[in-house]
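Below: work_29.cif (mmCIF, C-alpha atoms)
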```
data_target
#
loop_
_atom_site.group_PDB
_atom_site.id
_atom_site.type_symbol
_atom_site.label_atom_id
_atom_site.label_comp_id
_atom_site.auth_asym_id
_atom_site.auth_seq_id
_atom_site.Cartn_x
_atom_site.Cartn_y
_atom_site.Cartn_z
ATOM 1 C CA MET C 199 -8.714 18.149 -11.679
ATOM 2 C CA PRO C 200 -10.920 15.443 -10.146
ATOM 3 C CA ARG C 201 -14.139 16.489 -8.463
ATOM 4 C CA ALA C 202 -13.397 16.537 -4.742
ATOM 5 C CA ILE C 203 -15.340 16.569 -1.525
ATOM 6 C CA ALA C 204 -14.465 17.939 1.883
ATOM 7 C CA PRO C 205 -12.463 15.211 3.599
ATOM 8 C CA PRO C 206 -14.477 12.783 5.710
ATOM 9 C CA ARG C 207 -12.790 11.216 8.692
ATOM 10 C CA VAL C 208 -10.073 9.552 6.650
ATOM 11 C CA PRO C 209 -7.869 7.323 8.816
ATOM 12 C CA LEU C 210 -4.523 8.737 7.687
ATOM 13 C CA ALA C 211 -2.011 10.345 10.017
ATOM 14 C CA LYS C 212 -0.756 12.631 7.258
ATOM 15 C CA PRO C 213 -2.985 15.465 6.016
ATOM 16 C CA VAL C 214 -5.316 15.331 3.032
ATOM 17 C CA GLU C 215 -6.942 18.590 1.936
ATOM 18 C CA ALA C 216 -9.612 17.070 -0.296
ATOM 19 C CA VAL C 217 -10.704 13.542 -1.164
ATOM 20 C CA PRO C 218 -11.729 12.755 -4.768
ATOM 21 C CA ALA C 219 -15.294 11.477 -4.988
ATOM 22 C CA GLY C 220 -16.663 8.556 -6.980
ATOM 23 C CA THR C 221 -16.730 4.801 -7.239
ATOM 24 C CA LEU C 222 -13.463 2.885 -7.418
ATOM 25 C CA ARG C 223 -13.910 2.594 -11.176
ATOM 26 C CA GLN C 224 -14.437 6.339 -11.498
ATOM 27 C CA LEU C 225 -11.467 7.052 -9.254
ATOM 28 C CA ARG C 226 -9.248 4.799 -11.352
ATOM 29 C CA LEU C 227 -10.264 6.666 -14.512
ATOM 30 C CA ARG C 228 -9.651 10.065 -12.934
ATOM 31 C CA ALA C 229 -6.309 9.048 -11.458
ATOM 32 C CA ALA C 230 -5.151 8.024 -14.931
ATOM 33 C CA ASP C 231 -5.006 11.729 -15.804
ATOM 34 C CA CYS C 232 -3.430 12.898 -12.544
ATOM 35 C CA ARG C 233 -0.826 15.656 -13.024
ATOM 36 C CA ALA C 234 -0.469 16.679 -9.374
ATOM 37 C CA CYS C 235 3.286 16.006 -9.328
ATOM 38 C CA PRO C 236 5.991 15.530 -12.001
ATOM 39 C CA LEU C 237 6.146 11.729 -11.744
ATOM 40 C CA TRP C 238 3.577 11.222 -14.528
ATOM 41 C CA ARG C 239 5.975 12.645 -17.118
ATOM 42 C CA ASP C 240 8.357 9.667 -17.120
ATOM 43 C CA ALA C 241 5.991 6.931 -15.937
ATOM 44 C CA THR C 242 4.154 4.782 -18.468
ATOM 45 C CA GLN C 243 0.838 5.095 -16.649
ATOM 46 C CA THR C 244 -0.879 5.540 -13.309
ATOM 47 C CA VAL C 245 -0.940 2.317 -11.288
ATOM 48 C CA PHE C 246 -4.163 2.481 -9.303
ATOM 49 C CA GLY C 247 -5.357 -0.081 -6.777
ATOM 50 C CA ALA C 248 -7.000 -3.334 -7.818
ATOM 51 C CA GLY C 249 -9.340 -5.767 -6.134
ATOM 52 C CA PRO C 250 -12.959 -6.260 -5.063
ATOM 53 C CA ALA C 251 -14.903 -3.143 -4.122
ATOM 54 C CA ARG C 252 -16.123 -4.943 -0.996
ATOM 55 C CA ALA C 253 -12.779 -6.439 0.044
ATOM 56 C CA ALA C 254 -12.418 -6.709 3.815
ATOM 57 C CA VAL C 255 -8.597 -6.614 3.593
ATOM 58 C CA MET C 256 -6.587 -3.822 1.986
ATOM 59 C CA LEU C 257 -2.826 -4.080 1.474
ATOM 60 C CA ILE C 258 -0.979 -0.800 0.946
ATOM 61 C CA GLY C 259 2.503 -0.864 -0.525
ATOM 62 C CA GLU C 260 4.844 2.022 -1.231
ATOM 63 C CA GLN C 261 4.995 2.708 -4.975
ATOM 64 C CA PRO C 262 4.910 0.807 -8.276
ATOM 65 C CA GLY C 263 7.992 -0.846 -9.709
ATOM 66 C CA ASP C 264 9.094 -1.459 -13.277
ATOM 67 C CA GLN C 265 6.641 -4.270 -14.053
ATOM 68 C CA GLU C 266 3.738 -2.527 -12.350
ATOM 69 C CA ASP C 267 4.427 0.565 -14.454
ATOM 70 C CA ARG C 268 4.450 -1.487 -17.657
ATOM 71 C CA GLN C 269 1.345 -3.558 -16.835
ATOM 72 C CA GLY C 270 -0.680 -0.925 -14.986
ATOM 73 C CA GLU C 271 -1.490 -3.214 -12.043
ATOM 74 C CA PRO C 272 -0.098 -3.276 -8.490
ATOM 75 C CA PHE C 273 2.133 -6.059 -7.188
ATOM 76 C CA VAL C 274 2.804 -7.920 -10.423
ATOM 77 C CA GLY C 275 6.628 -7.793 -10.335
ATOM 78 C CA PRO C 276 9.027 -9.929 -8.271
ATOM 79 C CA ALA C 277 7.895 -8.384 -4.967
ATOM 80 C CA GLY C 278 4.287 -8.953 -5.936
ATOM 81 C CA GLN C 279 4.979 -12.577 -6.777
ATOM 82 C CA LEU C 280 6.509 -13.075 -3.337
ATOM 83 C CA LEU C 281 3.561 -11.349 -1.680
ATOM 84 C CA ARG C 282 1.026 -13.454 -3.564
ATOM 85 C CA GLN C 283 2.898 -16.614 -2.594
ATOM 86 C CA LEU C 284 2.817 -15.618 1.083
ATOM 87 C CA LEU C 285 -0.851 -14.660 0.904
ATOM 88 C CA ALA C 286 -1.661 -18.116 -0.480
ATOM 89 C CA GLU C 287 0.392 -19.799 2.237
ATOM 90 C CA CYS C 288 -1.558 -17.873 4.868
ATOM 91 C CA GLY C 289 -4.982 -18.647 3.412
ATOM 92 C CA LEU C 290 -5.633 -15.200 1.951
ATOM 93 C CA ALA C 291 -6.605 -15.274 -1.727
ATOM 94 C CA ALA C 292 -4.903 -12.472 -3.663
ATOM 95 C CA ASP C 293 -8.045 -11.915 -5.749
ATOM 96 C CA GLU C 294 -10.104 -11.357 -2.586
ATOM 97 C CA VAL C 295 -7.975 -8.544 -1.130
ATOM 98 C CA TYR C 296 -7.529 -4.992 -2.396
ATOM 99 C CA LEU C 297 -3.953 -4.172 -3.423
ATOM 100 C CA THR C 298 -2.724 -0.614 -3.800
ATOM 101 C CA ASN C 299 0.210 1.717 -3.213
ATOM 102 C CA THR C 300 0.799 4.971 -1.394
ATOM 103 C CA VAL C 301 2.219 6.503 -4.598
ATOM 104 C CA LYS C 302 0.607 5.684 -7.946
ATOM 105 C CA HIS C 303 3.452 6.426 -10.388
ATOM 106 C CA PHE C 304 6.798 4.683 -10.875
ATOM 107 C CA LYS C 305 9.746 6.905 -9.947
ATOM 108 C CA PHE C 306 13.076 5.804 -11.405
ATOM 109 C CA ARG C 307 16.381 6.842 -12.888
ATOM 110 C CA GLN C 308 17.618 5.401 -16.138
ATOM 111 C CA ARG C 309 20.865 3.423 -16.157
ATOM 112 C CA GLY C 310 21.451 2.093 -19.644
ATOM 113 C CA LYS C 311 18.427 -0.027 -20.468
ATOM 114 C CA ARG C 312 17.511 -0.502 -16.809
ATOM 115 C CA ARG C 313 15.103 1.667 -14.848
ATOM 116 C CA LEU C 314 16.247 1.841 -11.239
ATOM 117 C CA HIS C 315 13.639 2.466 -8.556
ATOM 118 C CA GLN C 316 13.842 5.727 -6.576
ATOM 119 C CA ARG C 317 11.851 6.605 -3.474
ATOM 120 C CA ALA C 318 9.154 9.236 -3.934
ATOM 121 C CA ASN C 319 9.855 12.373 -1.918
ATOM 122 C CA ALA C 320 7.495 13.993 0.591
ATOM 123 C CA ALA C 321 5.872 16.313 -1.966
ATOM 124 C CA GLU C 322 5.247 13.439 -4.387
ATOM 125 C CA GLN C 323 3.756 11.334 -1.611
ATOM 126 C CA ALA C 324 1.496 14.222 -0.573
ATOM 127 C CA ALA C 325 0.301 14.693 -4.167
ATOM 128 C CA CYS C 326 -0.814 11.048 -4.308
ATOM 129 C CA ARG C 327 -2.320 10.900 -0.835
ATOM 130 C CA PRO C 328 -5.838 12.022 -1.891
ATOM 131 C CA TRP C 329 -6.140 8.942 -4.120
ATOM 132 C CA LEU C 330 -5.220 6.639 -1.234
ATOM 133 C CA ALA C 331 -7.647 8.504 1.032
ATOM 134 C CA ALA C 332 -10.362 8.048 -1.606
ATOM 135 C CA GLU C 333 -9.660 4.320 -1.845
ATOM 136 C CA LEU C 334 -9.908 3.957 1.937
ATOM 137 C CA SER C 335 -13.081 6.041 2.096
ATOM 138 C CA ARG C 336 -14.762 4.113 -0.709
ATOM 139 C CA LEU C 337 -13.622 0.635 0.349
ATOM 140 C CA ARG C 338 -13.917 0.998 4.138
ATOM 141 C CA PRO C 339 -11.930 -2.217 4.798
ATOM 142 C CA ARG C 340 -12.017 -4.047 8.115
ATOM 143 C CA TRP C 341 -8.282 -4.705 8.065
ATOM 144 C CA VAL C 342 -5.397 -2.793 6.493
ATOM 145 C CA VAL C 343 -1.828 -4.036 6.053
ATOM 146 C CA ALA C 344 0.826 -1.355 5.548
ATOM 147 C CA LEU C 345 3.789 -2.836 3.708
ATOM 148 C CA GLY C 346 6.967 -0.851 4.272
ATOM 149 C CA ALA C 347 7.842 2.342 6.129
ATOM 150 C CA MET C 348 6.277 4.754 3.631
ATOM 151 C CA ALA C 349 2.852 3.131 3.893
ATOM 152 C CA ALA C 350 3.122 2.701 7.660
ATOM 153 C CA GLN C 351 4.065 6.328 8.271
ATOM 154 C CA THR C 352 1.241 7.501 6.014
ATOM 155 C CA LEU C 353 -1.173 5.644 8.291
ATOM 156 C CA PHE C 354 0.497 6.116 11.669
ATOM 157 C CA GLY C 355 2.741 9.196 11.376
ATOM 158 C CA ASN C 356 6.438 9.917 10.905
ATOM 159 C CA ALA C 357 7.334 8.716 14.403
ATOM 160 C CA PHE C 358 6.400 5.147 13.466
ATOM 161 C CA ARG C 359 9.387 2.813 13.209
ATOM 162 C CA LEU C 360 8.888 -0.457 11.377
ATOM 163 C CA THR C 361 11.740 -2.230 13.158
ATOM 164 C CA ARG C 362 10.202 -1.396 16.540
ATOM 165 C CA GLU C 363 6.451 -1.462 15.933
ATOM 166 C CA ARG C 364 5.943 -4.029 13.181
ATOM 167 C CA GLY C 365 3.269 -6.637 13.786
ATOM 168 C CA ARG C 366 1.125 -4.638 16.244
ATOM 169 C CA TRP C 367 -2.535 -3.970 15.556
ATOM 170 C CA ARG C 368 -3.729 -0.368 15.761
ATOM 171 C CA ALA C 369 -7.244 1.027 15.457
ATOM 172 C CA LEU C 370 -7.502 3.474 12.545
ATOM 173 C CA ASP C 371 -11.142 4.275 13.317
ATOM 174 C CA GLU C 372 -14.223 2.616 14.784
ATOM 175 C CA ARG C 373 -14.321 0.089 11.934
ATOM 176 C CA THR C 374 -10.778 -0.480 10.691
ATOM 177 C CA ASP C 375 -7.697 -2.010 12.296
ATOM 178 C CA ALA C 376 -4.251 -1.837 10.724
ATOM 179 C CA ILE C 377 -0.947 -3.626 11.036
ATOM 180 C CA ALA C 378 2.446 -2.864 9.471
ATOM 181 C CA SER C 379 5.023 -5.286 8.139
ATOM 182 C CA TRP C 380 7.989 -5.559 5.796
ATOM 183 C CA HIS C 381 7.558 -4.727 2.144
ATOM 184 C CA PRO C 382 8.375 -7.775 -0.031
ATOM 185 C CA SER C 383 10.772 -5.706 -2.153
ATOM 186 C CA ALA C 384 12.815 -4.890 0.970
ATOM 187 C CA ILE C 385 12.962 -8.598 1.779
ATOM 188 C CA LEU C 386 14.216 -9.380 -1.726
ATOM 189 C CA ARG C 387 17.078 -6.913 -1.225
ATOM 190 C CA MET C 388 18.172 -8.608 2.008
ATOM 191 C CA GLN C 389 20.613 -11.489 2.264
ATOM 192 C CA GLY C 390 21.114 -14.472 4.569
ATOM 193 C CA GLU C 391 19.491 -14.621 7.989
ATOM 194 C CA PRO C 392 18.055 -11.070 7.930
ATOM 195 C CA ARG C 393 16.117 -12.045 4.822
ATOM 196 C CA GLU C 394 14.880 -15.280 6.363
ATOM 197 C CA GLN C 395 13.814 -13.449 9.533
ATOM 198 C CA ALA C 396 11.968 -10.764 7.577
ATOM 199 C CA LEU C 397 10.196 -13.495 5.597
ATOM 200 C CA ARG C 398 9.113 -15.123 8.843
ATOM 201 C CA ASP C 399 7.931 -11.760 10.131
ATOM 202 C CA LEU C 400 5.839 -10.955 7.067
ATOM 203 C CA ARG C 401 4.399 -14.462 6.919
ATOM 204 C CA GLY C 402 3.492 -14.242 10.607
ATOM 205 C CA ASP C 403 1.857 -10.844 10.198
ATOM 206 C CA LEU C 404 -0.221 -12.054 7.249
ATOM 207 C CA ARG C 405 -1.301 -15.026 9.354
ATOM 208 C CA LYS C 406 -2.520 -12.575 12.007
ATOM 209 C CA VAL C 407 -4.667 -10.966 9.322
ATOM 210 C CA ALA C 408 -5.956 -14.340 8.128
ATOM 211 C CA ALA C 409 -6.860 -15.292 11.695
ATOM 212 C CA ARG C 410 -8.898 -12.125 12.102
ATOM 213 C CA VAL C 411 -10.652 -12.677 8.792
ATOM 214 C CA ALA C 412 -11.510 -16.255 9.736
ATOM 215 C CA GLY C 413 -12.660 -15.329 13.237
ATOM 216 C CA ASP C 414 -14.287 -12.008 12.364
ATOM 217 C CA VAL C 415 -12.521 -10.406 15.320
ATOM 218 C CA PRO C 416 -14.105 -7.051 16.312
ATOM 219 C CA PRO C 417 -12.100 -3.884 15.615
ATOM 220 C CA THR C 418 -9.527 -2.820 18.211
ATOM 221 C CA ALA C 419 -11.140 -0.407 20.650
ATOM 222 C CA SER C 420 -8.077 1.741 21.273
ATOM 223 C CA GLY C 421 -4.311 1.618 21.397
ATOM 224 C CA ASP C 422 -2.134 -1.225 20.230
ATOM 225 C CA ALA C 423 -3.221 -4.847 20.239
ATOM 226 C CA PRO C 424 -1.141 -8.005 19.691
#
```
As structure tokens:
Amino acid sequence: MPRAIAPPRVPLAKPVEAVPAGTLRQLRLRAADCRACPLWRDATQTVFGAGPARAAVMLIGEQPGDQEDRQGEPFVGPAGQLLRQLLAECGLAADEVYLTNTVKHFKFRQRGKRRLHQRANAAEQAACRPWLAAELSRLRPRWVVALGAMAAQTLFGNAFRLTRERGRWRALDERTDAIASWHPSAILRMQGEPREQALRDLRGDLRKVAARVAGDVPPTASGDAP
């Protein structure tokens, strides 16, 4: 079990009993041996976050996919390629942001030679939450982007609805603001106009982040902000 500390004021709506201590490098090494839920048994490896330790922007996805599981890095599959393309379009360099997921192991069911993604359940999400809390506590980003409903509800609570509240800034604490948007993998599953609209939404939300980075906008004092 990783050495843990009593939880500081971690800006997560969902509970965390203890937050693992250490640098990001130490946390990555400890998470590699995590056995807090059964997902490690079938996964190739833990997929911890990646990016600069002083990154001002943190993007939180839902859980690793097939390519992330094989390569051990977040956002390297088709969804990651789309995200990196949109980041570049919006003036955010992928190697200057911190990329991570709410859940650190790939959950899937085997169909022939294919491994089909399955959503982590509440217990599996809870088992991984201390690692996300540790990343937030260590990184202390200025801006957080929650990609998808799982990440958004981890930050804002189960009442959060992506279709209704996407694109609004919220203050997580006195330093950090957060915004939620579509996960690129959800966009890739869409067809026709819904897909094009979701692409416009995500691109627009990333541009809001880029504008704040460029202008060094102060954190939101309270409530929602456009």
Pick from C:Ala318, C:Leu360, C:Leu386, C:Leu222 nearest to C:Arg338, counting only C-alpha atoms: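 Looking at the shortest contact to C:Arg338, the residue is C:Leu222.
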Shell of 8 Å around stretch 265-269 of chain C, all atoms listed in the file, local chain residues under 3 positions omitted, as a ChimeraX atom specification: /C:241-245,262,272-275,303-304
Contact residues around C:Arg373 with all atoms listed in the file at 8 Å, ignoring same-chain residues under 2 positions, as a count of residues only: 8
Resolved residues for the PyMOL selection byres ((chain C and resi 281-286) around 12) as a ChimeraX atom specification: /C:255,257-259,272-280,287-295,297,343,345,379-386,397-408
Surrounding residues of stretch 207-213 of chain C excluding itself and chain neighbours under 2 positions, 6 Å, only C-alpha atoms, as an MDAnalysis selection string: chainID C and resid 352:355 370
